[in-house]
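**Q** Take this structure, written in structure tokens, and hold onto it; I'll ask about it next.
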Amino acid sequence: MSQTVIATADKVPSRVSWGAILAGGLVAVTVGAMLNILGVAVGASTIDPMVAGETPAASTFGIAGAVWLLVANLLALACGGYVAARLSGTSDDTDGVLHGLSVWAIAFLVSALLLGNLASGAARGVGAMVQGAASTATSAAAQAMPEMTDPEALIERLQAGLQSGGNPATLTEDQRRAEIARLVGERATSGAFEPAARDRLAALTAAEFGISPQEATQRIQALEAEATRLAQQAETRAREAADAAAKGASVASFWLFATLLLGAAASVIGARVGTRKAMLVAARRFA
């Protein structure tokens, strides 16, 4: 009678040391912060506002700062990978490399979290400053123009300004200006004047500035030409700004990817150096 034998393999024990990985990550972040602080100190020491021409240019500062930041982070990740691989106690190169990559990932996440908190705090501080400035400006405006704080006077002024129609010569200055602003706003929204709106604007302009209807029409035509030119110029600048922003984002993303890739390589190199080397001792059999 035949028997079927099922071979079972023992579960492979886990060879990851989270304590070593956390220790390596903390070492990487701390060493990186220390080197970056040193870079700020060295850069600040080169500034000499008292002597013209002694301070390096802004482009030089930017290039030197970027190079120092890259080198500092690579050294920090190499130290973190070395610490993690050494403390893990493994003698397998693959295990050591994986511990180094784990340190790289943790250091990146911790750095991103710290930068996010700093940016959020700075945004809250700027928001508080803007709110305080707006409150101060509002109080100053209320003190400078007490008549504008009277609700009844403000309502009467708005009602008078919103009135339109009728003979432009019989309208008040506020009424003419309010209607001119409304017609110009409609022109900016629609992109062109209606014939009736153009004639009405010409009559209002003639009555407001005391000129002839023909001269008022010429001014309106010049205003339309200038508005069209400015709109085309604004569109061109917007397209150029969008193109520059897209290119800048693309370049920054590529540089960030290259930085992360170099950081991973530095962590791997540090881990390979820190991995313990196994020593094989051959036993000699004595007869």
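Residue names in the structure tokens use chain letters A, B, ... in the order shown, residue numbers from 1 in each chain, and ligand numbers from 1 in the order shown.
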So that I can check the surroundings of range 266-272 of chain A, please list as a count of residues only every protein, DNA and RNA residue that reaches within 10 Å of it, counting only C-alpha atoms and ignoring chain neighbours fewer than 2 positions away.
**A** 40
**Q** So what do you get for CA of Thr236 in chain A versus CA of Gly248 in chain A, distance-wise?
**A**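 Atom-to-atom, CA of Thr236 in chain A to CA of Gly248 in chain A, that is 18.1 Å.
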**Q** Using only C-alpha atoms, determine which residues lie at most 12 Å from Thr217 in chain A, disregarding the query and same-chain residues fewer than 5 positions distant; provide the list as a list of chain:residue names.
**A** A:Pro195, A:Ala197, A:Arg198, A:Asp199, A:Arg200, A:Leu201, A:Ala202, A:Ala203, A:Leu204, A:Thr205, A:Ala206, A:Ile211, A:Ser212, A:Ala222, A:Leu223, A:Glu224
**Q** Expressed in Å to a single decimal, how great is the separation between CA of Leu35 in chain A and CA of Ser17 in chain A?
**A**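 Computing the Euclidean distance for CA of Leu35 in chain A and CA of Ser17 in chain A yields 27.1 Å.
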**Q** For CA of Gln131 in chain A and CA of Leu113 in chain A, determine how far apart the two atoms are, in Å to one decimal place.
**A**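 Calculated distance between CA of Gln131 in chain A and CA of Leu113 in chain A is 27.0 Å.
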